[in-house]
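**Student:** Provided below: protein.txt, containing compact mmCIF, C-alpha atoms.
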```txt
# COMPACT_ATOMS: atom_id res chain seq x y z
CA MET W 170 0.00 0.00 0.00
CA THR W 171 1.17 3.50 -0.78
CA THR W 172 1.04 5.56 2.39
CA ARG W 173 0.65 9.30 2.65
CA ASP W 174 4.36 9.46 3.51
CA ASP W 175 5.28 7.48 0.39
CA VAL W 176 3.21 9.86 -1.73
CA LEU W 177 4.84 12.90 -0.16
CA ALA W 178 8.32 11.47 -0.63
CA ALA W 179 7.66 10.72 -4.31
CA ALA W 180 6.13 14.16 -4.87
CA GLN W 181 9.08 15.83 -3.17
CA ARG W 182 11.59 14.01 -5.39
CA HIS W 183 9.56 14.83 -8.48
CA LEU W 184 9.16 18.53 -7.65
CA ASN W 185 12.93 18.83 -7.34
CA VAL W 186 13.17 17.70 -10.97
CA ASP W 187 10.06 19.51 -12.24
CA ALA W 188 8.84 22.32 -10.01
CA ARG W 189 5.74 22.78 -12.20
CA ALA W 190 4.57 19.18 -11.85
CA SER W 191 0.77 18.87 -11.86
CA MET W 192 -1.26 16.59 -9.60
CA ALA W 193 -1.40 14.13 -12.53
CA ASP W 194 2.41 14.22 -12.77
CA LEU W 195 2.77 13.75 -9.03
CA ALA W 196 0.31 10.85 -9.02
CA GLY W 197 2.35 9.26 -11.80
CA ALA W 198 5.57 9.80 -9.89
CA ALA W 199 4.04 8.08 -6.86
CA GLY W 200 2.68 5.24 -9.01
CA ILE W 201 -0.91 5.90 -8.01
CA SER W 202 -4.01 7.18 -9.78
CA ARG W 203 -5.08 10.82 -9.64
CA ALA W 204 -8.14 9.71 -7.72
CA THR W 205 -5.98 8.07 -5.06
CA LEU W 206 -3.72 11.12 -4.86
CA HIS W 207 -6.79 13.30 -4.38
CA ARG W 208 -7.93 11.07 -1.53
CA HIS W 209 -4.66 11.94 0.24
CA PHE W 210 -4.59 15.62 -0.75
CA ALA W 211 -7.61 17.66 -1.77
CA SER W 212 -5.46 20.03 -3.86
CA ARG W 213 -1.95 20.60 -5.16
CA GLU W 214 -1.62 23.43 -2.65
CA GLU W 215 -2.51 21.13 0.24
CA LEU W 216 0.21 18.71 -0.86
CA LEU W 217 2.71 21.53 -1.38
CA HIS W 218 1.85 23.00 2.00
CA GLU W 219 2.70 19.72 3.70
CA LEU W 220 6.07 19.59 1.88
CA GLY W 221 6.65 23.27 2.68
CA THR W 222 6.06 22.52 6.35
CA ARG W 223 8.58 19.68 6.18
CA SER W 224 11.14 21.86 4.44
CA ILE W 225 10.81 24.51 7.15
CA ASP W 226 11.03 21.78 9.82
CA ARG W 227 14.31 20.77 8.19
CA TRP W 228 15.58 24.35 8.05
CA GLU W 229 14.78 24.78 11.74
CA ALA W 230 16.44 21.45 12.55
CA SER W 231 19.61 22.58 10.77
CA LEU W 232 19.75 25.83 12.73
CA ASP W 233 19.27 23.77 15.89
CA ALA W 234 21.85 21.13 14.93
CA ALA W 235 24.43 23.81 14.09
CA ASP W 236 23.52 25.48 17.41
CA ALA W 237 23.19 28.85 15.73
CA ARG W 238 21.73 30.36 18.88
CA GLY W 239 24.52 29.07 21.11
CA ALA W 240 27.19 30.19 18.66
CA ALA W 241 25.66 33.67 18.35
CA ALA W 242 25.45 34.00 22.13
CA SER W 243 29.03 32.79 22.63
CA GLU W 244 30.61 35.85 20.99
CA ASP W 245 33.44 33.41 20.20
CA ALA W 246 34.85 33.98 16.69
CA VAL W 247 36.10 30.41 16.25
CA ARG W 248 32.82 28.91 17.36
CA ILE W 249 30.77 31.28 15.21
CA ARG W 250 32.88 30.56 12.15
CA ALA W 251 32.56 26.79 12.71
CA CYS W 252 28.81 27.25 13.04
CA LEU W 253 28.66 29.09 9.69
CA ASP W 254 30.66 26.34 7.99
CA ASP W 255 28.41 23.70 9.49
CA LEU W 256 25.27 25.60 8.54
CA VAL W 257 26.29 25.97 4.89
CA ALA W 258 26.92 22.21 4.62
CA ARG W 259 23.61 21.44 6.34
CA TYR W 260 21.67 23.88 4.14
CA LEU W 261 23.15 22.32 1.02
CA ALA W 262 22.12 18.86 2.21
CA ASP W 263 18.63 20.20 2.97
CA SER W 264 18.51 21.68 -0.51
CA ASP W 265 19.29 18.26 -2.00
CA ASP W 266 15.95 17.15 -0.55
CA PHE W 267 13.91 20.36 -0.68
CA GLY W 268 15.54 22.41 -3.42
CA PHE W 269 12.25 23.23 -5.14
CA ALA W 270 10.98 24.85 -1.93
CA LEU W 271 13.67 27.55 -2.12
CA THR W 272 11.82 29.40 -4.86
CA ASP W 273 8.30 27.92 -4.92
CA THR W 274 5.98 30.90 -5.18
CA TYR W 275 3.13 29.18 -3.35
CA LEU W 276 5.30 28.28 -0.36
CA LEU W 277 6.77 31.79 -0.34
CA SER W 278 3.26 33.26 -0.07
CA ALA W 279 1.47 30.89 2.36
CA ALA W 280 0.94 33.04 5.45
CA ASP W 281 1.74 30.45 8.14
CA LEU W 282 4.86 29.26 6.31
CA VAL W 283 6.00 32.85 5.79
CA GLU W 284 5.58 33.47 9.51
CA ARG W 285 7.74 30.46 10.44
CA SER W 286 10.24 31.35 7.74
CA ASP W 287 10.52 34.92 9.02
CA ALA W 288 11.29 33.64 12.52
CA LEU W 289 14.08 31.41 11.17
CA VAL W 290 15.48 34.29 9.12
CA GLU W 291 15.70 36.27 12.37
CA ARG W 292 17.86 33.51 13.85
CA GLU W 293 20.14 33.65 10.80
CA VAL W 294 20.35 37.42 10.96
CA ALA W 295 21.22 37.21 14.67
CA LEU W 296 24.01 34.76 13.82
CA CYS W 297 25.30 37.03 11.04
CA ALA W 298 25.21 40.04 13.37
CA ALA W 299 27.10 38.06 16.04
CA ALA W 300 29.61 37.03 13.36
CA GLN W 301 30.09 40.68 12.50
CA ALA W 302 30.51 41.67 16.14
CA ALA W 303 33.08 38.90 16.60
CA GLY W 304 35.02 40.00 13.51
CA VAL W 305 34.17 36.88 11.51
CA LEU W 306 32.05 38.64 8.88
CA ARG W 307 32.35 42.12 7.39
CA ALA W 308 30.69 44.79 9.49
CA ASP W 309 30.07 47.03 6.46
CA LEU W 310 27.41 44.72 5.01
CA PRO W 311 23.92 44.74 6.56
CA ALA W 312 23.43 41.46 8.48
CA ARG W 313 20.10 41.00 6.69
CA TRP W 314 21.81 41.28 3.33
CA ILE W 315 24.37 38.62 4.33
CA SER W 316 21.50 36.27 5.12
CA HIS W 317 19.88 37.02 1.74
CA ALA W 318 23.21 36.53 -0.04
CA LEU W 319 23.66 33.09 1.54
CA TYR W 320 20.16 32.14 0.41
CA GLY W 321 20.97 33.35 -3.12
CA LEU W 322 24.05 31.15 -3.23
CA LEU W 323 21.92 28.16 -2.17
CA VAL W 324 19.62 28.86 -5.12
CA ALA W 325 22.69 29.13 -7.36
CA ALA W 326 24.08 25.86 -6.01
CA ARG W 327 20.78 24.06 -6.52
CA ASP W 328 20.63 25.25 -10.13
CA ALA W 329 24.30 24.52 -10.87
CA LEU W 330 23.78 20.98 -9.62
CA ARG W 331 20.51 20.54 -11.50
CA VAL W 332 22.01 21.41 -14.87
CA GLY W 333 25.10 19.33 -14.16
CA ASP W 334 27.61 22.18 -13.95
CA LEU W 335 29.19 21.01 -10.68
CA PRO W 336 29.85 17.72 -8.97
CA ARG W 337 27.96 17.44 -5.66
CA ARG W 338 31.25 16.59 -3.98
CA ASP W 339 32.65 20.09 -4.61
CA LEU W 340 29.53 22.01 -3.65
CA ASP W 341 30.04 22.62 0.08
CA ALA W 342 33.53 24.02 -0.40
CA LEU W 343 32.59 26.14 -3.43
CA VAL W 344 29.57 27.72 -1.80
CA LEU W 345 31.34 28.37 1.49
CA SER W 346 34.37 29.83 -0.25
CA THR W 347 32.27 32.04 -2.53
CA PHE W 348 30.14 33.19 0.38
CA LEU W 349 33.15 34.05 2.52
CA THR W 350 35.69 35.39 0.05
CA GLY W 351 33.85 36.10 -3.20
CA ALA W 352 34.91 35.58 -6.78
CA GLN W 353 37.66 38.16 -7.04
CA ARG W 354 41.22 37.02 -7.37
CA MET Q 760 -7.91 52.35 -25.10
CA THR Q 761 -5.71 49.80 -23.38
CA THR Q 762 -3.19 48.43 -25.85
CA ARG Q 763 -1.46 45.07 -25.72
CA ASP Q 764 1.67 46.92 -24.57
CA ASP Q 765 -0.22 48.62 -21.74
CA VAL Q 766 -1.57 45.25 -20.62
CA LEU Q 767 1.88 43.68 -20.70
CA ALA Q 768 3.40 46.58 -18.76
CA ALA Q 769 0.71 46.35 -16.07
CA ALA Q 770 1.06 42.55 -15.86
CA GLN Q 771 4.83 42.85 -15.57
CA ARG Q 772 4.58 45.33 -12.69
CA HIS Q 773 2.01 43.17 -10.95
CA LEU Q 774 3.98 39.93 -11.32
CA ASN Q 775 6.96 41.59 -9.65
CA VAL Q 776 4.74 42.15 -6.61
CA ASP Q 777 2.80 38.87 -6.81
CA ALA Q 778 4.47 36.18 -8.91
CA ARG Q 779 1.40 33.93 -8.51
CA ALA Q 780 -1.04 36.47 -9.95
CA SER Q 781 -3.91 34.84 -11.88
CA MET Q 782 -5.33 36.10 -15.17
CA ALA Q 783 -8.12 37.70 -13.11
CA ASP Q 784 -5.52 39.50 -10.96
CA LEU Q 785 -3.61 40.62 -14.05
CA ALA Q 786 -6.78 41.87 -15.72
CA GLY Q 787 -7.54 43.84 -12.55
CA ALA Q 788 -4.03 45.27 -12.49
CA ALA Q 789 -4.45 46.42 -16.11
CA GLY Q 790 -7.89 47.86 -15.37
CA ILE Q 791 -9.62 45.65 -17.92
CA SER Q 792 -12.04 42.74 -17.77
CA ARG Q 793 -10.91 39.13 -17.90
CA ALA Q 794 -12.65 38.82 -21.25
CA THR Q 795 -10.61 41.70 -22.66
CA LEU Q 796 -7.40 40.24 -21.25
CA HIS Q 797 -8.24 36.92 -22.89
CA ARG Q 798 -8.73 38.68 -26.21
CA HIS Q 799 -5.09 39.82 -25.95
CA PHE Q 800 -3.71 36.57 -24.52
CA ALA Q 801 -5.34 33.16 -24.86
CA SER Q 802 -3.70 31.90 -21.68
CA ARG Q 803 -1.58 32.97 -18.71
CA GLU Q 804 1.32 31.09 -20.28
CA GLU Q 805 1.00 33.04 -23.53
CA LEU Q 806 1.17 36.30 -21.58
CA LEU Q 807 4.08 35.05 -19.46
CA HIS Q 808 5.90 33.87 -22.55
CA GLU Q 809 5.72 37.35 -24.05
CA LEU Q 810 7.12 38.87 -20.85
CA GLY Q 811 9.77 36.15 -20.68
CA THR Q 812 10.83 37.03 -24.22
CA ARG Q 813 11.10 40.68 -23.22
CA SER Q 814 13.13 39.83 -20.13
CA ILE Q 815 15.57 37.81 -22.22
CA ASP Q 816 15.73 40.64 -24.79
CA ARG Q 817 16.72 42.90 -21.90
CA TRP Q 818 19.33 40.46 -20.61
CA GLU Q 819 20.83 40.23 -24.10
CA ALA Q 820 20.75 44.02 -24.45
CA SER Q 821 22.66 44.37 -21.17
CA LEU Q 822 25.36 41.96 -22.29
CA ASP Q 823 25.59 43.95 -25.54
CA ALA Q 824 25.61 47.35 -23.81
CA ALA Q 825 28.34 46.22 -21.40
CA ASP Q 826 30.19 44.82 -24.44
CA ALA Q 827 30.79 41.53 -22.68
CA ARG Q 828 32.11 39.98 -25.88
CA GLY Q 829 34.55 42.80 -26.57
CA ALA Q 830 35.76 42.82 -22.98
CA ALA Q 831 36.26 39.05 -22.96
CA ALA Q 832 38.18 39.20 -26.25
CA SER Q 833 40.34 42.11 -25.05
CA GLU Q 834 42.16 40.04 -22.40
CA ASP Q 835 42.54 43.42 -20.66
CA ALA Q 836 42.07 43.12 -16.88
CA VAL Q 837 40.95 46.73 -16.40
CA ARG Q 838 38.44 46.54 -19.22
CA ILE Q 839 37.10 43.16 -18.07
CA ARG Q 840 36.69 44.40 -14.50
CA ALA Q 841 34.88 47.53 -15.69
CA CYS Q 842 32.61 45.32 -17.80
CA LEU Q 843 31.75 43.18 -14.75
CA ASP Q 844 30.94 46.27 -12.69
CA ASP Q 845 28.79 47.63 -15.50
CA LEU Q 846 27.03 44.29 -15.99
CA VAL Q 847 26.11 43.96 -12.31
CA ALA Q 848 24.54 47.43 -12.32
CA ARG Q 849 22.67 46.70 -15.55
CA TYR Q 850 21.42 43.33 -14.30
CA LEU Q 851 20.12 44.94 -11.12
CA ALA Q 852 18.27 47.55 -13.17
CA ASP Q 853 16.84 44.77 -15.37
CA SER Q 854 15.76 42.93 -12.25
CA ASP Q 855 13.85 46.04 -11.09
CA ASP Q 856 11.67 45.54 -14.16
CA PHE Q 857 11.75 41.76 -14.62
CA GLY Q 858 12.56 40.41 -11.15
CA PHE Q 859 9.77 37.83 -11.22
CA ALA Q 860 11.29 36.28 -14.34
CA LEU Q 861 14.45 35.29 -12.43
CA THR Q 862 12.68 32.37 -10.76
CA ASP Q 863 9.43 31.87 -12.68
CA THR Q 864 9.14 28.12 -13.19
CA TYR Q 865 7.18 28.45 -16.44
CA LEU Q 866 9.78 30.72 -18.03
CA LEU Q 867 12.58 28.47 -16.79
CA SER Q 868 10.97 25.50 -18.58
CA ALA Q 869 9.75 26.99 -21.89
CA ALA Q 870 12.00 25.36 -24.48
CA ASP Q 871 12.62 28.35 -26.75
CA LEU Q 872 13.32 30.66 -23.80
CA VAL Q 873 15.66 28.09 -22.25
CA GLU Q 874 17.53 27.89 -25.54
CA ARG Q 875 18.01 31.67 -25.69
CA SER Q 876 18.87 31.77 -22.00
CA ASP Q 877 21.49 29.04 -22.43
CA ALA Q 878 23.15 31.03 -25.21
CA LEU Q 879 23.35 34.13 -22.98
CA VAL Q 880 24.75 32.08 -20.12
CA GLU Q 881 27.52 30.96 -22.48
CA ARG Q 882 28.41 34.63 -23.06
CA GLU Q 883 28.55 35.19 -19.31
CA VAL Q 884 30.66 32.11 -18.78
CA ALA Q 885 33.04 33.26 -21.54
CA LEU Q 886 33.36 36.62 -19.77
CA CYS Q 887 34.01 34.91 -16.42
CA ALA Q 888 36.62 32.64 -18.01
CA ALA Q 889 38.29 35.67 -19.62
CA ALA Q 890 38.22 37.41 -16.23
CA GLN Q 891 39.94 34.41 -14.70
CA ALA Q 892 42.55 34.28 -17.47
CA ALA Q 893 43.23 38.02 -16.97
CA GLY Q 894 43.59 37.59 -13.20
CA VAL Q 895 40.44 39.54 -12.38
CA LEU Q 896 38.50 36.60 -10.94
CA ARG Q 897 39.68 33.54 -9.02
CA ALA Q 898 40.89 30.76 -11.26
CA ASP Q 899 40.06 28.09 -8.66
CA LEU Q 900 36.29 28.53 -9.10
CA PRO Q 901 34.61 26.98 -12.16
CA ALA Q 902 33.60 29.82 -14.52
CA ARG Q 903 30.11 28.30 -14.73
CA TRP Q 904 29.78 28.42 -10.98
CA ILE Q 905 30.76 32.11 -10.93
CA SER Q 906 27.96 32.80 -13.40
CA HIS Q 907 25.49 30.86 -11.22
CA ALA Q 908 26.70 32.68 -8.10
CA LEU Q 909 26.10 36.07 -9.72
CA TYR Q 910 22.60 34.97 -10.66
CA GLY Q 911 22.00 33.82 -7.07
CA LEU Q 912 23.02 37.22 -5.76
CA LEU Q 913 20.56 38.86 -8.17
CA VAL Q 914 17.79 36.69 -6.70
CA ALA Q 915 18.98 37.66 -3.21
CA ALA Q 916 19.01 41.35 -4.14
CA ARG Q 917 15.52 41.17 -5.63
CA ASP Q 918 14.19 39.53 -2.46
CA ALA Q 919 16.04 41.88 -0.10
CA LEU Q 920 14.55 44.84 -1.94
CA ARG Q 921 11.08 43.30 -2.05
CA VAL Q 922 10.88 42.80 1.71
CA GLY Q 923 12.38 46.23 2.35
CA ASP Q 924 15.69 45.08 3.86
CA LEU Q 925 17.85 47.34 1.70
CA PRO Q 926 17.54 50.74 0.09
CA ARG Q 927 17.72 50.52 -3.71
CA ARG Q 928 20.48 53.14 -3.62
CA ASP Q 929 22.90 50.76 -1.88
CA LEU Q 930 22.12 47.70 -3.98
CA ASP Q 931 24.66 47.98 -6.81
CA ALA Q 932 27.59 48.46 -4.46
CA LEU Q 933 26.47 45.74 -2.03
CA VAL Q 934 25.93 43.12 -4.70
CA LEU Q 935 29.15 43.93 -6.52
CA SER Q 936 31.16 43.94 -3.30
CA THR Q 937 29.61 40.67 -2.08
CA PHE Q 938 30.16 39.05 -5.47
CA LEU Q 939 33.78 40.13 -5.64
CA THR Q 940 35.00 39.89 -2.08
CA GLY Q 941 32.43 37.87 -0.13
CA ALA Q 942 31.12 38.33 3.39
CA GLN Q 943 34.23 37.46 5.37
CA ARG Q 944 35.98 40.17 7.25
```
Written as structure tokens, that's how I'd like the structure from this file.

**Tutor:**
Amino acid sequence: MTTRDDVLAAAQRHLNVDARASMADLAGAAGISRATLHRHFASREELLHELGTRSIDRWEASLDAADARGAAASEDAVRIRACLDDLVARYLADSDDFGFALTDTYLLSAADLVERSDALVEREVALCAAAQAAGVLRADLPARWISHALYGLLVAARDALRVGDLPRRDLDALVLSTFLTGAQR
Amino acid sequence: MTTRDDVLAAAQRHLNVDARASMADLAGAAGISRATLHRHFASREELLHELGTRSIDRWEASLDAADARGAAASEDAVRIRACLDDLVARYLADSDDFGFALTDTYLLSAADLVERSDALVEREVALCAAAQAAGVLRADLPARWISHALYGLLVAARDALRVGDLPRRDLDALVLSTFLTGAQR
């Protein structure tokens, strides 16, 4: 039997390949009929919302696992820098599983997801500000912009991987290095 | 009378605010009925395709105006660096007008637009490779990744502006500086 979890997992994989996938496409990807898919999820948005919730759960789990709050509170440059390194690697792994969610316009507009997302952004901004105070990151860039820039590089990494421009193996180092030191020689 | 151009201009502005806007929303934004909008465009995709074509025209025009080809061929570090600076400013101005197109999943999947987009990416990659050869950009980053990273920062800039995190006035310098030298102190 195909469980709700199986359906979600198949839909998630498929959306990472084709972000515009219809309910018919997603049913096909899960190996079930449209009617069966609709018994699990009344609409595409309901299905997406569930995946969006999971992607935000994952984002929150990564901030927790990297102990972003503890690092920010520590005011310790070495610890903050290690936290940033860890976070970039975790975000890239999360993006392997939830890459489509980075730019899905429905998820970016669903009020409850936006509210959770905003709260997580605040944790990132606090970490960036702590990194600036500790001399790890440039103080002349707004902390909020640094958080946006990191997000932009995650989108770039997702796309570079998708079109086959980079091996996955190199991704963590490339993104971290570009984020920290830029492209200039 | 509302011309096809007026309708497109109104739709473009509205999509930059709400990327999920329906045909009804877009008709409202143009101050016309849905029936009138459908006389201009048979479907939302037809309308989007027209705007996608215009956004790629603009992208191409910016590469031309910055003389990316001439700069790349010059092998002149100063000229290449000036071209990169110019291109970043032009891309940010283009994104003011066509920001939604950066991540619209329909535009990113329409075969003819993808083909044109791929050709423009090749011009960017050639410029990045020339910048590396001239010692302007790091040679240890794949040129294709540098092009992706710049795109990611444009997405980040669009979003930072949209949520009001940055003044437009600071954007060119922030994006260029982050692209070139990263966030590390």

**Student:** When the cut-off is 9 Å and we count all atoms listed in the file, which residues of chain W are near chain Q, given as a PyMOL selection string?

**Tutor:** chain W and resi 187-189+272-275+278+301+304-308+310-311+313-326+328-329+334-335+343-344+346-354

**Student:** What does the distance between CA of Arg213 in chain W and CA of Ser191 in chain W come to in Å, to one decimal place?

**Tutor:**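 Here the two named atoms are 7.4 Å from each other.
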
**Student:** Starting from the point (4.3, 23.3, -1.0), work out which residues of protein, DNA or RNA have an atom no more than 10 Å away when counting all atoms listed in the file; state them as a VMD selection string.

**Tutor:** chain W and resid 181 184 213 to 224 269 to 270 273 to 277 279 282

**Student:** What does the structure give for the distance between CA of Ala196 in chain W and CA of Gly268 in chain W, in Å to one decimal?

**Tutor:**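 These atoms are spaced 19.9 Å apart.
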
**Student:** Can you tell me which residues surround range 824-828 of chain Q at a distance of at most 9 Å, considering all atoms listed in the file, apart from same-chain residues fewer than 4 positions away, and format the answer as a PDB file with C-alpha atoms, keeping the file's coordinate frame?

**Tutor:**
```
ATOM      1  CA  GLU Q 819      20.830  40.230 -24.100  1.00  0.00           C
ATOM      2  CA  ALA Q 820      20.750  44.020 -24.450  1.00  0.00           C
ATOM      3  CA  ALA Q 832      38.180  39.200 -26.250  1.00  0.00           C
ATOM      4  CA  SER Q 833      40.340  42.110 -25.050  1.00  0.00           C
ATOM      5  CA  ILE Q 839      37.100  43.160 -18.070  1.00  0.00           C
ATOM      6  CA  ALA Q 841      34.880  47.530 -15.690  1.00  0.00           C
ATOM      7  CA  CYS Q 842      32.610  45.320 -17.800  1.00  0.00           C
ATOM      8  CA  LEU Q 843      31.750  43.180 -14.750  1.00  0.00           C
ATOM      9  CA  ASP Q 845      28.790  47.630 -15.500  1.00  0.00           C
ATOM     10  CA  LEU Q 846      27.030  44.290 -15.990  1.00  0.00           C
ATOM     11  CA  ARG Q 849      22.670  46.700 -15.550  1.00  0.00           C
ATOM     12  CA  ARG Q 882      28.410  34.630 -23.060  1.00  0.00           C
ATOM     13  CA  GLU Q 883      28.550  35.190 -19.310  1.00  0.00           C
ATOM     14  CA  ALA Q 885      33.040  33.260 -21.540  1.00  0.00           C
ATOM     15  CA  LEU Q 886      33.360  36.620 -19.770  1.00  0.00           C
TER      16      LEU Q 886
END
```

**Student:** Separation of CA of Leu232 in chain W and CA of Ala299 in chain W, in Å?

**Tutor:**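 Computing the Euclidean distance for CA of Leu232 in chain W and CA of Ala299 in chain W yields 14.6 Å.
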
**Student:** Taking every listed atom of range 843-855 of chain Q and adding 4 Å to each side, what centre and edge lengths in Å (one decimal) does the axis-aligned box have, as JSON?

**Tutor:**
```
{"center_x": 22.8, "center_y": 45.3, "center_z": -13.5, "size_x": 25.9, "size_y": 12.7, "size_z": 12.9}
```

**Student:** Compile the contact shell of Asp194 in chain W as a list in words: residues with an atom at most 12 Å away, counting only C-alpha atoms, same-chain residues fewer than 4 positions apart removed.

**Tutor:**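 After dropping sequence-adjacent residues, the list is Val176, Ala179, Ala180, Gln181, Arg182, His183, Leu184, Val186, Asp187, Ala188, Arg189, Ala190, Ala198, Ala199, Gly200, Ile201, Ser202, Arg203, Leu206 and Arg213 of chain W.
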
**Student:** Have a look at Q:Met782, Q:Val837, Q:Phe800, Q:Asp816 and name the one nearest to Arg875 in chain Q; count all atoms listed in the file.

**Tutor:**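 Counting all atoms listed in the file, the residue closest to Arg875 in chain Q is Q:Asp816.
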
**Student:** Would you output range 296-303 of chain W from that structure, restricted to all heavy atoms, as a PDB file, in the first residue's frame?

**Tutor:**
```pdb
ATOM      1  N   LEU W 296      22.710  35.419  13.947  1.00  0.00           N
ATOM      2  CA  LEU W 296      24.007  34.758  13.818  1.00  0.00           C
ATOM      3  C   LEU W 296      24.966  35.622  12.990  1.00  0.00           C
ATOM      4  O   LEU W 296      26.145  35.786  13.350  1.00  0.00           O
ATOM      5  CB  LEU W 296      23.828  33.377  13.171  1.00  0.00           C
ATOM      6  CG  LEU W 296      25.109  32.587  12.911  1.00  0.00           C
ATOM      7  CD1 LEU W 296      25.797  32.214  14.225  1.00  0.00           C
ATOM      8  CD2 LEU W 296      24.829  31.327  12.085  1.00  0.00           C
ATOM      9  N   CYS W 297      24.456  36.179  11.889  1.00  0.00           N
ATOM     10  CA  CYS W 297      25.296  37.032  11.043  1.00  0.00           C
ATOM     11  C   CYS W 297      25.758  38.263  11.820  1.00  0.00           C
ATOM     12  O   CYS W 297      26.933  38.670  11.732  1.00  0.00           O
ATOM     13  CB  CYS W 297      24.539  37.466   9.780  1.00  0.00           C
ATOM     14  SG  CYS W 297      24.258  36.120   8.609  1.00  0.00           S
ATOM     15  N   ALA W 298      24.850  38.858  12.585  1.00  0.00           N
ATOM     16  CA  ALA W 298      25.214  40.041  13.375  1.00  0.00           C
ATOM     17  C   ALA W 298      26.266  39.681  14.426  1.00  0.00           C
ATOM     18  O   ALA W 298      27.218  40.440  14.646  1.00  0.00           O
ATOM     19  CB  ALA W 298      23.965  40.629  14.029  1.00  0.00           C
ATOM     20  N   ALA W 299      26.108  38.513  15.052  1.00  0.00           N
ATOM     21  CA  ALA W 299      27.102  38.057  16.036  1.00  0.00           C
ATOM     22  C   ALA W 299      28.445  37.814  15.343  1.00  0.00           C
ATOM     23  O   ALA W 299      29.510  38.106  15.896  1.00  0.00           O
ATOM     24  CB  ALA W 299      26.609  36.790  16.729  1.00  0.00           C
ATOM     25  N   ALA W 300      28.381  37.273  14.128  1.00  0.00           N
ATOM     26  CA  ALA W 300      29.607  37.027  13.361  1.00  0.00           C
ATOM     27  C   ALA W 300      30.294  38.347  13.021  1.00  0.00           C
ATOM     28  O   ALA W 300      31.528  38.441  13.017  1.00  0.00           O
ATOM     29  CB  ALA W 300      29.274  36.251  12.085  1.00  0.00           C
ATOM     30  N   GLN W 301      29.508  39.355  12.769  1.00  0.00           N
ATOM     31  CA  GLN W 301      30.091  40.676  12.501  1.00  0.00           C
ATOM     32  C   GLN W 301      30.720  41.253  13.766  1.00  0.00           C
ATOM     33  O   GLN W 301      31.841  41.761  13.742  1.00  0.00           O
ATOM     34  CB  GLN W 301      29.009  41.616  11.967  1.00  0.00           C
ATOM     35  CG  GLN W 301      28.498  41.203  10.584  1.00  0.00           C
ATOM     36  CD  GLN W 301      27.392  42.116  10.085  1.00  0.00           C
ATOM     37  OE1 GLN W 301      26.378  42.299  10.761  1.00  0.00           O
ATOM     38  NE2 GLN W 301      27.574  42.672   8.903  1.00  0.00           N
ATOM     39  N   ALA W 302      30.001  41.134  14.868  1.00  0.00           N
ATOM     40  CA  ALA W 302      30.509  41.668  16.140  1.00  0.00           C
ATOM     41  C   ALA W 302      31.792  40.967  16.557  1.00  0.00           C
ATOM     42  O   ALA W 302      32.685  41.589  17.156  1.00  0.00           O
ATOM     43  CB  ALA W 302      29.436  41.523  17.227  1.00  0.00           C
ATOM     44  N   ALA W 303      31.897  39.680  16.212  1.00  0.00           N
ATOM     45  CA  ALA W 303      33.082  38.903  16.600  1.00  0.00           C
ATOM     46  C   ALA W 303      34.211  39.032  15.578  1.00  0.00           C
ATOM     47  O   ALA W 303      35.271  38.419  15.747  1.00  0.00           O
ATOM     48  CB  ALA W 303      32.696  37.434  16.774  1.00  0.00           C
TER      49      ALA W 303
END
```
